[in-house]
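K.L.:
Pasting model-v8.cif here (mmCIF, C-alpha atoms and all ligand atoms):
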data_entry
loop_
_atom_site.group_PDB
_atom_site.id
_atom_site.type_symbol
_atom_site.label_atom_id
_atom_site.label_comp_id
_atom_site.auth_asym_id
_atom_site.auth_seq_id
_atom_site.Cartn_x
_atom_site.Cartn_y
_atom_site.Cartn_z
ATOM 1 C CA MET A 14 189.585 -5.803 113.279
ATOM 2 C CA ALA A 15 188.765 -2.812 111.086
ATOM 3 C CA VAL A 16 191.006 0.185 111.525
ATOM 4 C CA THR A 17 189.229 3.449 112.194
ATOM 5 C CA THR A 18 190.661 6.792 113.167
ATOM 6 C CA THR A 19 188.757 6.738 116.463
ATOM 7 C CA ASP A 20 189.862 3.366 117.821
ATOM 8 C CA PRO A 21 192.572 3.987 120.438
ATOM 9 C CA THR A 22 193.849 0.413 120.234
ATOM 10 C CA THR A 23 194.602 0.404 116.518
ATOM 11 C CA GLY A 24 196.204 3.700 115.668
ATOM 12 C CA PRO A 25 196.470 7.368 116.381
ATOM 13 C CA ALA A 26 193.036 8.694 117.271
ATOM 14 C CA THR A 27 192.333 11.879 115.394
ATOM 15 C CA GLY A 28 188.733 12.450 116.410
ATOM 16 C CA PRO A 29 186.523 12.171 119.476
ATOM 17 C CA THR A 30 186.305 8.727 121.030
ATOM 18 C CA THR A 31 183.458 7.259 122.994
ATOM 19 C CA GLY A 32 185.788 5.550 125.475
ATOM 20 C CA PRO A 33 188.234 2.693 125.695
ATOM 21 C CA THR A 34 187.481 -0.680 124.196
ATOM 22 C CA THR A 35 186.680 -3.397 126.729
ATOM 23 C CA ASP A 36 190.130 -5.010 126.457
ATOM 24 C CA ALA A 37 191.953 -1.668 126.779
ATOM 25 C CA PRO A 38 193.253 -2.273 130.340
ATOM 26 C CA ALA A 39 194.782 -5.608 129.353
ATOM 27 C CA VAL A 40 196.255 -4.176 126.159
ATOM 28 C CA LEU A 41 197.769 -1.157 127.881
ATOM 29 C CA ASP A 42 199.052 -3.087 130.900
ATOM 30 C CA ASP A 43 200.699 -5.570 128.575
ATOM 31 C CA LEU A 44 202.404 -2.798 126.596
ATOM 32 C CA LEU A 45 203.603 -1.132 129.800
ATOM 33 C CA ALA A 46 204.902 -4.408 131.219
ATOM 34 C CA SER A 47 206.532 -5.723 128.047
ATOM 35 C CA ARG A 48 208.285 -2.534 126.908
ATOM 36 C CA TRP A 49 211.984 -2.488 127.667
ATOM 37 C CA SER A 50 215.043 -0.544 126.607
ATOM 38 C CA CYS A 51 216.640 -2.293 123.656
ATOM 39 C CA ARG A 52 220.441 -2.047 123.387
ATOM 40 C CA ALA A 53 220.993 -4.104 120.233
ATOM 41 C CA PHE A 54 219.026 -3.528 117.031
ATOM 42 C CA ARG A 55 218.892 -5.344 113.718
ATOM 43 C CA PRO A 56 219.676 -3.117 110.729
ATOM 44 C CA ASP A 57 216.372 -3.730 108.893
ATOM 45 C CA PRO A 58 214.370 -0.538 108.588
ATOM 46 C CA VAL A 59 210.888 0.028 110.003
ATOM 47 C CA PRO A 60 208.373 0.870 107.234
ATOM 48 C CA GLU A 61 207.864 4.598 106.837
ATOM 49 C CA ALA A 62 204.090 4.288 107.364
ATOM 50 C CA THR A 63 204.685 2.554 110.721
ATOM 51 C CA ILE A 64 207.084 5.298 111.816
ATOM 52 C CA ASP A 65 204.495 7.912 110.867
ATOM 53 C CA GLU A 66 201.824 6.083 112.911
ATOM 54 C CA ILE A 67 204.124 6.006 115.945
ATOM 55 C CA LEU A 68 204.933 9.712 115.633
ATOM 56 C CA LEU A 69 201.267 10.650 115.239
ATOM 57 C CA ALA A 70 200.290 8.478 118.212
ATOM 58 C CA ALA A 71 203.002 10.115 120.334
ATOM 59 C CA GLY A 72 201.731 13.499 119.201
ATOM 60 C CA ARG A 73 198.405 12.704 120.931
ATOM 61 C CA SER A 74 200.183 13.150 124.273
ATOM 62 C CA PRO A 75 198.746 15.773 126.598
ATOM 63 C CA SER A 76 200.640 18.976 127.305
ATOM 64 C CA TRP A 77 200.033 22.025 129.452
ATOM 65 C CA CYS A 78 197.588 24.308 127.550
ATOM 66 C CA ASN A 79 198.072 21.936 124.601
ATOM 67 C CA THR A 80 201.324 23.725 123.823
ATOM 68 C CA GLN A 81 202.879 20.527 122.400
ATOM 69 C CA PRO A 82 206.402 21.796 123.024
ATOM 70 C CA TRP A 83 208.042 18.698 121.537
ATOM 71 C CA HIS A 84 209.627 18.557 118.129
ATOM 72 C CA ALA A 85 210.986 15.334 116.697
ATOM 73 C CA HIS A 86 213.871 15.276 114.238
ATOM 74 C CA LEU A 87 213.502 11.885 112.586
ATOM 75 C CA VAL A 88 216.833 10.500 111.464
ATOM 76 C CA THR A 89 216.710 7.578 109.099
ATOM 77 C CA GLY A 90 218.707 5.883 106.307
ATOM 78 C CA ALA A 91 222.012 7.534 105.442
ATOM 79 C CA ALA A 92 221.246 10.370 107.872
ATOM 80 C CA THR A 93 221.477 7.860 110.743
ATOM 81 C CA ASP A 94 225.037 7.087 109.701
ATOM 82 C CA ARG A 95 225.828 10.813 109.476
ATOM 83 C CA LEU A 96 224.414 11.222 113.001
ATOM 84 C CA ARG A 97 226.607 8.370 114.292
ATOM 85 C CA ALA A 98 229.674 9.838 112.589
ATOM 86 C CA ALA A 99 229.003 13.353 113.915
ATOM 87 C CA MET A 100 228.602 12.062 117.476
ATOM 88 C CA ALA A 101 231.714 9.867 117.222
ATOM 89 C CA ASP A 102 233.603 12.982 116.183
ATOM 90 C CA GLY A 103 232.001 14.925 119.067
ATOM 91 C CA ILE A 104 233.099 12.259 121.546
ATOM 92 C CA ALA A 105 236.628 12.258 120.122
ATOM 93 C CA ARG A 106 236.728 16.049 120.569
ATOM 94 C CA GLY A 107 235.492 15.707 124.160
ATOM 95 C CA VAL A 108 232.128 17.414 123.547
ATOM 96 C CA TYR A 109 229.888 17.145 126.605
ATOM 97 C CA GLU A 110 227.451 20.029 126.804
ATOM 98 C CA PRO A 111 223.793 19.204 127.412
ATOM 99 C CA ASP A 112 221.297 22.045 126.860
ATOM 100 C CA VAL A 113 219.379 20.917 129.954
ATOM 101 C CA PRO A 114 221.723 20.112 132.848
ATOM 102 C CA PHE A 115 222.209 16.416 133.637
ATOM 103 C CA PRO A 116 221.750 15.299 137.276
ATOM 104 C CA PRO A 117 224.986 16.303 139.032
ATOM 105 C CA SER A 118 224.908 13.182 141.223
ATOM 106 C CA TYR A 119 222.734 10.245 142.221
ATOM 107 C CA GLU A 120 222.298 9.848 145.970
ATOM 108 C CA GLY A 121 220.585 7.360 148.268
ATOM 109 C CA VAL A 122 217.910 5.216 146.730
ATOM 110 C CA TYR A 123 218.506 6.756 143.297
ATOM 111 C CA ARG A 124 222.154 5.752 143.460
ATOM 112 C CA ASP A 125 221.142 2.236 144.505
ATOM 113 C CA ARG A 126 218.629 1.826 141.700
ATOM 114 C CA ARG A 127 221.062 3.216 139.140
ATOM 115 C CA ARG A 128 223.722 0.756 140.303
ATOM 116 C CA VAL A 129 221.384 -2.238 140.176
ATOM 117 C CA SER A 130 220.291 -1.474 136.623
ATOM 118 C CA GLY A 131 223.925 -0.942 135.574
ATOM 119 C CA TRP A 132 225.009 -4.229 137.162
ATOM 120 C CA GLN A 133 222.149 -6.054 135.457
ATOM 121 C CA LEU A 134 223.345 -4.779 132.094
ATOM 122 C CA TYR A 135 227.006 -5.550 132.733
ATOM 123 C CA GLU A 136 226.222 -8.992 134.096
ATOM 124 C CA ALA A 137 224.216 -9.766 130.962
ATOM 125 C CA LEU A 138 227.155 -8.609 128.840
ATOM 126 C CA GLY A 139 229.779 -10.424 130.910
ATOM 127 C CA VAL A 140 231.428 -7.182 132.044
ATOM 128 C CA GLU A 141 233.106 -7.559 135.457
ATOM 129 C CA ARG A 142 232.173 -5.058 138.184
ATOM 130 C CA GLY A 143 234.819 -2.344 138.270
ATOM 131 C CA ASP A 144 236.018 -2.971 134.707
ATOM 132 C CA ARG A 145 235.860 0.667 133.695
ATOM 133 C CA GLU A 146 237.293 0.088 130.260
ATOM 134 C CA ALA A 147 234.614 -2.441 129.302
ATOM 135 C CA SER A 148 231.771 -0.415 130.852
ATOM 136 C CA GLY A 149 233.098 2.696 129.089
ATOM 137 C CA ARG A 150 233.059 0.821 125.788
ATOM 138 C CA GLU A 151 229.452 -0.193 126.421
ATOM 139 C CA MET A 152 228.513 3.411 127.254
ATOM 140 C CA LEU A 153 229.965 4.529 123.927
ATOM 141 C CA ARG A 154 227.535 2.209 122.113
ATOM 142 C CA ASN A 155 224.939 4.885 122.930
ATOM 143 C CA PHE A 156 226.515 7.032 120.231
ATOM 144 C CA ASP A 157 226.332 4.182 117.750
ATOM 145 C CA LEU A 158 222.589 4.161 118.576
ATOM 146 C CA PHE A 159 223.059 0.501 119.548
ATOM 147 C CA GLY A 160 222.957 -0.272 115.838
ATOM 148 C CA ALA A 161 219.439 1.138 115.339
ATOM 149 C CA PRO A 162 218.395 2.069 111.809
ATOM 150 C CA HIS A 163 216.404 5.086 113.063
ATOM 151 C CA ALA A 164 216.501 7.686 115.777
ATOM 152 C CA VAL A 165 214.453 10.625 116.901
ATOM 153 C CA VAL A 166 216.163 13.616 118.429
ATOM 154 C CA LEU A 167 213.565 15.282 120.623
ATOM 155 C CA THR A 168 213.778 18.959 121.397
ATOM 156 C CA THR A 169 211.750 21.201 123.664
ATOM 157 C CA THR A 170 211.443 24.951 123.778
ATOM 158 C CA ALA A 171 213.526 26.738 126.398
ATOM 159 C CA SER A 172 210.668 29.192 126.984
ATOM 160 C CA LEU A 173 208.397 26.540 128.567
ATOM 161 C CA GLY A 174 211.001 25.376 131.054
ATOM 162 C CA THR A 175 210.500 22.342 133.264
ATOM 163 C CA TYR A 176 206.837 21.868 132.391
ATOM 164 C CA GLY A 177 207.660 21.877 128.684
ATOM 165 C CA ALA A 178 210.214 19.148 129.411
ATOM 166 C CA LEU A 179 207.558 17.267 131.391
ATOM 167 C CA ASP A 180 205.240 17.409 128.360
ATOM 168 C CA CYS A 181 208.072 16.044 126.224
ATOM 169 C CA GLY A 182 208.471 13.167 128.687
ATOM 170 C CA LEU A 183 204.859 12.246 128.016
ATOM 171 C CA PHE A 184 205.608 12.312 124.291
ATOM 172 C CA VAL A 185 208.543 9.969 124.874
ATOM 173 C CA GLN A 186 206.454 7.425 126.786
ATOM 174 C CA SER A 187 203.679 7.547 124.183
ATOM 175 C CA PHE A 188 206.279 7.013 121.460
ATOM 176 C CA LEU A 189 207.773 4.024 123.281
ATOM 177 C CA LEU A 190 204.383 2.406 123.820
ATOM 178 C CA ALA A 191 203.107 3.113 120.300
ATOM 179 C CA ALA A 192 206.289 1.507 118.982
ATOM 180 C CA GLN A 193 205.965 -1.459 121.342
ATOM 181 C CA ALA A 194 202.394 -1.966 120.132
ATOM 182 C CA ARG A 195 203.786 -2.372 116.605
ATOM 183 C CA GLY A 196 206.642 -4.719 117.499
ATOM 184 C CA VAL A 197 209.197 -1.933 117.243
ATOM 185 C CA ALA A 198 211.868 -1.830 119.959
ATOM 186 C CA THR A 199 213.078 1.451 121.432
ATOM 187 C CA ILE A 200 215.443 3.074 123.857
ATOM 188 C CA ALA A 201 215.271 6.617 125.226
ATOM 189 C CA GLN A 202 218.781 8.059 125.391
ATOM 190 C CA ALA A 203 219.684 11.147 127.373
ATOM 191 C CA ALA A 204 223.301 10.344 126.456
ATOM 192 C CA LEU A 205 222.653 11.900 123.047
ATOM 193 C CA ALA A 206 221.725 15.202 124.694
ATOM 194 C CA GLY A 207 225.318 15.497 125.956
ATOM 195 C CA GLN A 208 226.192 16.042 122.298
ATOM 196 C CA ALA A 209 223.765 18.984 121.989
ATOM 197 C CA PRO A 210 226.195 21.318 120.120
ATOM 198 C CA VAL A 211 226.923 18.560 117.596
ATOM 199 C CA LEU A 212 223.208 17.867 117.097
ATOM 200 C CA ARG A 213 222.474 21.591 116.890
ATOM 201 C CA ASP A 214 224.927 21.915 113.985
ATOM 202 C CA LEU A 215 223.882 18.735 112.224
ATOM 203 C CA LEU A 216 220.132 19.358 112.494
ATOM 204 C CA ASP A 217 220.337 23.125 112.152
ATOM 205 C CA LEU A 218 218.325 23.653 115.328
ATOM 206 C CA PRO A 219 216.947 27.123 116.025
ATOM 207 C CA GLU A 220 218.404 28.926 119.041
ATOM 208 C CA ASP A 221 215.367 28.456 121.348
ATOM 209 C CA ARG A 222 215.228 24.662 120.874
ATOM 210 C CA GLN A 223 216.837 22.535 123.560
ATOM 211 C CA VAL A 224 217.934 18.968 122.876
ATOM 212 C CA LEU A 225 216.254 16.845 125.539
ATOM 213 C CA VAL A 226 216.647 13.208 124.611
ATOM 214 C CA GLY A 227 217.137 10.815 121.736
ATOM 215 C CA ILE A 228 215.087 7.704 120.980
ATOM 216 C CA SER A 229 216.752 4.976 118.943
ATOM 217 C CA PHE A 230 214.373 2.455 117.453
ATOM 218 C CA GLY A 231 214.061 -0.481 115.111
ATOM 219 C CA TYR A 232 213.681 -4.253 115.415
ATOM 220 C CA ALA A 233 215.355 -5.903 118.389
ATOM 221 C CA GLU A 234 218.233 -8.296 118.027
ATOM 222 C CA GLU A 235 216.526 -10.633 120.495
ATOM 223 C CA GLU A 236 219.510 -13.002 120.863
ATOM 224 C CA HIS A 237 221.908 -10.252 121.957
ATOM 225 C CA PRO A 238 223.015 -10.735 125.601
ATOM 226 C CA SER A 239 221.800 -7.215 126.493
ATOM 227 C CA ALA A 240 218.242 -8.354 125.712
ATOM 228 C CA SER A 241 218.372 -11.144 128.302
ATOM 229 C CA TYR A 242 217.196 -9.268 131.406
ATOM 230 C CA ARG A 243 214.516 -6.831 132.527
ATOM 231 C CA THR A 244 214.759 -4.037 135.093
ATOM 232 C CA GLU A 245 213.000 -3.977 138.449
ATOM 233 C CA ARG A 246 210.361 -1.594 139.764
ATOM 234 C CA GLN A 247 209.158 -0.391 143.148
ATOM 235 C CA GLY A 248 206.170 -2.097 144.685
ATOM 236 C CA LEU A 249 203.114 -0.191 145.848
ATOM 237 C CA ASP A 250 204.490 0.037 149.405
ATOM 238 C CA GLU A 251 207.405 2.165 148.143
ATOM 239 C CA LEU A 252 205.602 3.867 145.304
ATOM 240 C CA VAL A 253 202.686 5.418 147.134
ATOM 241 C CA THR A 254 201.828 7.170 150.363
ATOM 242 C CA ARG A 255 198.133 6.813 151.017
ATOM 243 C CA VAL A 256 196.719 9.905 152.636
ATOM 244 C CA GLU A 257 193.778 9.261 154.908
ATOM 245 C CA VAL A 258 192.689 12.434 156.694
HETATM 246 C C1 LIG B 301 214.768 10.057 129.787
HETATM 247 C C2 LIG B 301 215.523 8.764 129.684
HETATM 248 C C3 LIG B 301 216.844 8.782 129.326
HETATM 249 C C4 LIG B 301 217.565 7.594 129.195
HETATM 250 N N1 LIG B 301 218.857 7.632 128.766
HETATM 251 C C5 LIG B 301 219.521 6.486 128.530
HETATM 252 C C6 LIG B 301 220.824 6.512 127.960
HETATM 253 O O1 LIG B 301 221.372 7.555 127.649
HETATM 254 N N2 LIG B 301 221.430 5.331 127.729
HETATM 255 C C7 LIG B 301 220.861 4.131 128.041
HETATM 256 O O2 LIG B 301 221.490 3.078 127.815
HETATM 257 N N3 LIG B 301 219.615 4.071 128.592
HETATM 258 C C8 LIG B 301 218.946 5.222 128.819
HETATM 259 N N4 LIG B 301 217.658 5.185 129.302
HETATM 260 C C9 LIG B 301 217.013 3.889 129.570
HETATM 261 C C10 LIG B 301 216.912 3.621 131.053
HETATM 262 O O3 LIG B 301 218.153 3.182 131.551
HETATM 263 C C11 LIG B 301 215.819 2.561 131.268
HETATM 264 O O4 LIG B 301 214.576 3.089 130.873
HETATM 265 C C12 LIG B 301 215.686 2.119 132.726
HETATM 266 O O5 LIG B 301 216.873 1.501 133.158
HETATM 267 C C13 LIG B 301 214.507 1.152 132.903
HETATM 268 O O6 LIG B 301 214.688 0.028 132.071
HETATM 269 P P1 LIG B 301 213.629 -0.359 130.941
HETATM 270 O O7 LIG B 301 213.458 0.824 130.028
HETATM 271 O O8 LIG B 301 214.279 -1.533 130.220
HETATM 272 O O9 LIG B 301 212.338 -0.712 131.610
HETATM 273 C C14 LIG B 301 216.938 6.356 129.468
HETATM 274 C C15 LIG B 301 215.584 6.357 129.833
HETATM 275 C C16 LIG B 301 214.894 7.535 129.932
HETATM 276 C C17 LIG B 301 213.425 7.497 130.290
#
Step by step, read the file and then write its structure as structure tokens.
P.N.:
Amino acid sequence: MAVTTTDPTTGPATGPTTGPTTDAPAVLDDLLASRWSCRAFRPDPVPEATIDEILLAAGRSPSWCNTQPWHAHLVTGAATDRLRAAMADGIARGVYEPDVPFPPSYEGVYRDRRRVSGWQLYEALGVERGDREASGREMLRNFDLFGAPHAVVLTTTASLGTYGALDCGLFVQSFLLAAQARGVATIAQAALAGQAPVLRDLLDLPEDRQVLVGISFGYAEEEHPSASYRTERQGLDELVTRVEV
């Protein structure tokens, strides 16, 4: 199929489109259903042109008043190793200071869902329930970027508050799907935001930028045990309340 700048299925649209292609629902549903959080990457790099396509596609995300509050620091090559080293040092020094507060606790259904997804991961890895040392070791792999050759550190502007962060969430999802469409595996990582002061220093972030999330990406190590399961989702009965008045 010829690539044009207006075809939403083949690349970042940069001009007006006349509407989705006929297979768009199937394509999008498949991307949504097949995307997953990869926790073991091969070291081979993603071509620069592909990374640029993914970033541009993500940049097509909507935002309130088209403010586009996101900014992506793309870390690649030797810089990825410097990022890993800086975060390892941050962890060793006990740095834990997110710019945007992390949830203080998970209660009720949120606690249940969090537990199930954690157990799925640990079961896949052969980590016994309650083995804090092993689960702690696995958590620390976040700061090794799960071996990914690339990462994006995504910042928002403090001045746009929660809605700016919401816009950035849309950017994240677009990034994940644009990557998935190109065979590139991803994982969004709030864990990186706990190292905000370290990232601020390393990336020379201006004062008003808040570190929101990282995205590690590359090609999946498909045979890794962590790649052997997929997470669950609510059904429609839980997901929606139909209002009929
Ligand atoms: C904003 C955000 C932050 C996340 N942070 C982390 C993280 O720090 N570490 C991690 O292993 N997974 C992280 N995840 C991945 C989630 O655990 C994952 O999306 C969820 O369990 C659903 O699984 P799936 O992505 O495989 O469908 C994050 C996801 C999102 C959207």
K.L.:
Show me a table, sorted first by chain and then by increasing residue number, of the residues of chain A having an atom at most 10 Å from ligand LIG 301 (chain B), each with its shortest atom pair and the distance in Å to one decimal, counting all atoms listed in the file and written as JSON lines.
P.N.:
{"residue": "A:Leu45", "atom": "CA", "partner": "B:LIG301", "partner_atom": "O9", "distance": 8.9}
{"residue": "A:Ala46", "atom": "CA", "partner": "B:LIG301", "partner_atom": "O9", "distance": 8.3}
{"residue": "A:Ser47", "atom": "CA", "partner": "B:LIG301", "partner_atom": "O9", "distance": 8.5}
{"residue": "A:Arg48", "atom": "CA", "partner": "B:LIG301", "partner_atom": "O9", "distance": 6.5}
{"residue": "A:Trp49", "atom": "CA", "partner": "B:LIG301", "partner_atom": "O8", "distance": 3.6}
{"residue": "A:Ser50", "atom": "CA", "partner": "B:LIG301", "partner_atom": "O8", "distance": 3.8}
{"residue": "A:Cys51", "atom": "CA", "partner": "B:LIG301", "partner_atom": "O8", "distance": 7.0}
{"residue": "A:Arg52", "atom": "CA", "partner": "B:LIG301", "partner_atom": "O2", "distance": 6.9}
{"residue": "A:Arg126", "atom": "CA", "partner": "B:LIG301", "partner_atom": "O5", "distance": 8.7}
{"residue": "A:Arg127", "atom": "CA", "partner": "B:LIG301", "partner_atom": "O5", "distance": 7.5}
{"residue": "A:Arg128", "atom": "CA", "partner": "B:LIG301", "partner_atom": "O5", "distance": 9.9}
{"residue": "A:Val129", "atom": "CA", "partner": "B:LIG301", "partner_atom": "O5", "distance": 9.1}
{"residue": "A:Ser130", "atom": "CA", "partner": "B:LIG301", "partner_atom": "O5", "distance": 5.7}
{"residue": "A:Gly131", "atom": "CA", "partner": "B:LIG301", "partner_atom": "O5", "distance": 7.8}
{"residue": "A:Gln133", "atom": "CA", "partner": "B:LIG301", "partner_atom": "O5", "distance": 9.5}
{"residue": "A:Leu134", "atom": "CA", "partner": "B:LIG301", "partner_atom": "O5", "distance": 9.1}
{"residue": "A:Glu151", "atom": "CA", "partner": "B:LIG301", "partner_atom": "O2", "distance": 8.7}
{"residue": "A:Met152", "atom": "CA", "partner": "B:LIG301", "partner_atom": "O2", "distance": 7.1}
{"residue": "A:Leu153", "atom": "CA", "partner": "B:LIG301", "partner_atom": "N2", "distance": 9.4}
{"residue": "A:Arg154", "atom": "CA", "partner": "B:LIG301", "partner_atom": "O2", "distance": 8.4}
{"residue": "A:Asn155", "atom": "CA", "partner": "B:LIG301", "partner_atom": "N2", "distance": 6.0}
{"residue": "A:Phe156", "atom": "CA", "partner": "B:LIG301", "partner_atom": "O1", "distance": 9.0}
{"residue": "A:Leu158", "atom": "CA", "partner": "B:LIG301", "partner_atom": "N2", "distance": 9.3}
{"residue": "A:Phe159", "atom": "CA", "partner": "B:LIG301", "partner_atom": "O2", "distance": 8.8}
{"residue": "A:Cys181", "atom": "CA", "partner": "B:LIG301", "partner_atom": "C1", "distance": 9.7}
{"residue": "A:Gly182", "atom": "CA", "partner": "B:LIG301", "partner_atom": "C1", "distance": 7.1}
{"residue": "A:Val185", "atom": "CA", "partner": "B:LIG301", "partner_atom": "C17", "distance": 7.7}
{"residue": "A:Gln186", "atom": "CA", "partner": "B:LIG301", "partner_atom": "C17", "distance": 7.8}
{"residue": "A:Leu189", "atom": "CA", "partner": "B:LIG301", "partner_atom": "O7", "distance": 9.4}
{"residue": "A:Thr199", "atom": "CA", "partner": "B:LIG301", "partner_atom": "O7", "distance": 8.6}
{"residue": "A:Ile200", "atom": "CA", "partner": "B:LIG301", "partner_atom": "C9", "distance": 6.0}
{"residue": "A:Ala201", "atom": "CA", "partner": "B:LIG301", "partner_atom": "C14", "distance": 4.6}
{"residue": "A:Gln202", "atom": "CA", "partner": "B:LIG301", "partner_atom": "N1", "distance": 3.4}
{"residue": "A:Ala203", "atom": "CA", "partner": "B:LIG301", "partner_atom": "N1", "distance": 3.9}
{"residue": "A:Ala204", "atom": "CA", "partner": "B:LIG301", "partner_atom": "O1", "distance": 3.6}
{"residue": "A:Leu205", "atom": "CA", "partner": "B:LIG301", "partner_atom": "O1", "distance": 6.5}
{"residue": "A:Ala206", "atom": "CA", "partner": "B:LIG301", "partner_atom": "O1", "distance": 8.2}
{"residue": "A:Gly207", "atom": "CA", "partner": "B:LIG301", "partner_atom": "O1", "distance": 9.0}
{"residue": "A:Leu225", "atom": "CA", "partner": "B:LIG301", "partner_atom": "C1", "distance": 8.1}
{"residue": "A:Val226", "atom": "CA", "partner": "B:LIG301", "partner_atom": "C1", "distance": 6.3}
{"residue": "A:Gly227", "atom": "CA", "partner": "B:LIG301", "partner_atom": "C3", "distance": 7.9}
{"residue": "A:Ile228", "atom": "CA", "partner": "B:LIG301", "partner_atom": "C4", "distance": 8.6}
{"residue": "A:Ser229", "atom": "CA", "partner": "B:LIG301", "partner_atom": "N2", "distance": 10.0}
{"residue": "A:Ala240", "atom": "CA", "partner": "B:LIG301", "partner_atom": "O8", "distance": 9.1}
{"residue": "A:Tyr242", "atom": "CA", "partner": "B:LIG301", "partner_atom": "O8", "distance": 8.4}
{"residue": "A:Arg243", "atom": "CA", "partner": "B:LIG301", "partner_atom": "O8", "distance": 5.8}
{"residue": "A:Thr244", "atom": "CA", "partner": "B:LIG301", "partner_atom": "O6", "distance": 5.1}
{"residue": "A:Glu245", "atom": "CA", "partner": "B:LIG301", "partner_atom": "O9", "distance": 7.6}
{"residue": "A:Arg246", "atom": "CA", "partner": "B:LIG301", "partner_atom": "O9", "distance": 8.4}
K.L.:
Just the residues within 10 Å of Pro82 of chain A, please, counting only C-alpha atoms, with nothing from its chain fewer than 3 positions along; format it as a PyMOL selection string.
P.N.:
chain A and resi 76-77+79+167-174+176-181+184+222
K.L.:
With C-alpha atoms kept, could you save the residues just selected as a PDB file, keeping the file's coordinate frame?
P.N.:
ATOM      1  CA  SER A  76     200.640  18.976 127.305  1.00  0.00           C
ATOM      2  CA  TRP A  77     200.033  22.025 129.452  1.00  0.00           C
ATOM      3  CA  ASN A  79     198.072  21.936 124.601  1.00  0.00           C
ATOM      4  CA  LEU A 167     213.565  15.282 120.623  1.00  0.00           C
ATOM      5  CA  THR A 168     213.778  18.959 121.397  1.00  0.00           C
ATOM      6  CA  THR A 169     211.750  21.201 123.664  1.00  0.00           C
ATOM      7  CA  THR A 170     211.443  24.951 123.778  1.00  0.00           C
ATOM      8  CA  ALA A 171     213.526  26.738 126.398  1.00  0.00           C
ATOM      9  CA  SER A 172     210.668  29.192 126.984  1.00  0.00           C
ATOM     10  CA  LEU A 173     208.397  26.540 128.567  1.00  0.00           C
ATOM     11  CA  GLY A 174     211.001  25.376 131.054  1.00  0.00           C
ATOM     12  CA  TYR A 176     206.837  21.868 132.391  1.00  0.00           C
ATOM     13  CA  GLY A 177     207.660  21.877 128.684  1.00  0.00           C
ATOM     14  CA  ALA A 178     210.214  19.148 129.411  1.00  0.00           C
ATOM     15  CA  LEU A 179     207.558  17.267 131.391  1.00  0.00           C
ATOM     16  CA  ASP A 180     205.240  17.409 128.360  1.00  0.00           C
ATOM     17  CA  CYS A 181     208.072  16.044 126.224  1.00  0.00           C
ATOM     18  CA  PHE A 184     205.608  12.312 124.291  1.00  0.00           C
ATOM     19  CA  ARG A 222     215.228  24.662 120.874  1.00  0.00           C
TER      20      ARG A 222
END
K.L.:
To one decimal in Å, tell me the separation between atom CA of Pro238 of chain A and atom CA of Ala147 of chain A.
P.N.:
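Calculated distance between atom CA of Pro238 of chain A and atom CA of Ala147 of chain A is 14.7 Å.
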K.L.:
For atom CA of Ala39 of chain A and atom CA of Leu190 of chain A, determine how far apart the two atoms are, in Å to one decimal place.
P.N.:
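Atom CA of Ala39 of chain A sits 13.7 Å away from atom CA of Leu190 of chain A.
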K.L.:
What does the distance between atom CA of Asp57 of chain A and atom CA of Gly160 of chain A come to in Å, to one decimal place?
P.N.:
10.2 Å
K.L.:
Residues near Gly231 of chain A, anyone? I mean within 9 Å using all atoms listed in the file, not counting same-chain ones fewer than 5 positions away, as a PyMOL selection string.
P.N.:
chain A and resi 54-59+160-164+192+196-199
K.L.:
Dump C-alpha atoms for the selected residues as a short mmCIF file (atom, residue, chain, number, x, y, z; two decimals), in the frame of the given file?
P.N.:
data_model
loop_
_atom_site.label_atom_id
_atom_site.label_comp_id
_atom_site.auth_asym_id
_atom_site.auth_seq_id
_atom_site.Cartn_x
_atom_site.Cartn_y
_atom_site.Cartn_z
CA PHE A 54 219.03 -3.53 117.03
CA ARG A 55 218.89 -5.34 113.72
CA PRO A 56 219.68 -3.12 110.73
CA ASP A 57 216.37 -3.73 108.89
CA PRO A 58 214.37 -0.54 108.59
CA VAL A 59 210.89 0.03 110.00
CA GLY A 160 222.96 -0.27 115.84
CA ALA A 161 219.44 1.14 115.34
CA PRO A 162 218.40 2.07 111.81
CA HIS A 163 216.40 5.09 113.06
CA ALA A 164 216.50 7.69 115.78
CA ALA A 192 206.29 1.51 118.98
CA GLY A 196 206.64 -4.72 117.50
CA VAL A 197 209.20 -1.93 117.24
CA ALA A 198 211.87 -1.83 119.96
CA THR A 199 213.08 1.45 121.43
#
K.L.:
Where does the PyMOL selection byres (((chain A and resi 108-113) around 7) and not hetatm) land in this file, that is, which residues does it pick, as JSON, numbers by chain?
P.N.:
{"A": [103, 104, 106, 107, 114, 115, 206, 207, 208, 209, 210, 223, 224, 225]}
K.L.:
Have a look at A:Leu252, A:Ile67, A:Ala105, A:Ala137 and name the one nearest to Ser239 of chain A; count only C-alpha atoms.
P.N.:
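The closest residue to Ser239 of chain A is A:Ala137.
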K.L.:
Extending 5 Å beyond the listed atoms of segment 90-107 of chain A on each side, what axis-aligned box results? I want centre and edge lengths in Å to one decimal, as AutoDock Vina command-line options.
P.N.:
--center_x 227.7 --center_y 11.0 --center_z 114.8 --size_x 28.0 --size_y 20.2 --size_z 28.7
K.L.:
Go through A:Asp125, A:Glu141, A:Asp157, A:Glu136 and flag the residue nearest Ala101 of chain A, using all atoms listed in the file for the distances.
P.N.:
A:Asp157
K.L.:
How would you write, as a list in words, the residues chosen by the PyMOL selection byres (((chain A and resi 88) around 10) and not hetatm) on this structure?
P.N.:
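That selection, the PyMOL selection byres (((chain A and resi 88) around 10) and not hetatm), comes back as Ala85, His86, Leu87, Thr89, Gly90, Ala91, Ala92, Thr93, Asp94, Arg95, Leu96, Pro162, His163, Ala164, Val165, Val166, Leu216 and Ser229 of chain A.
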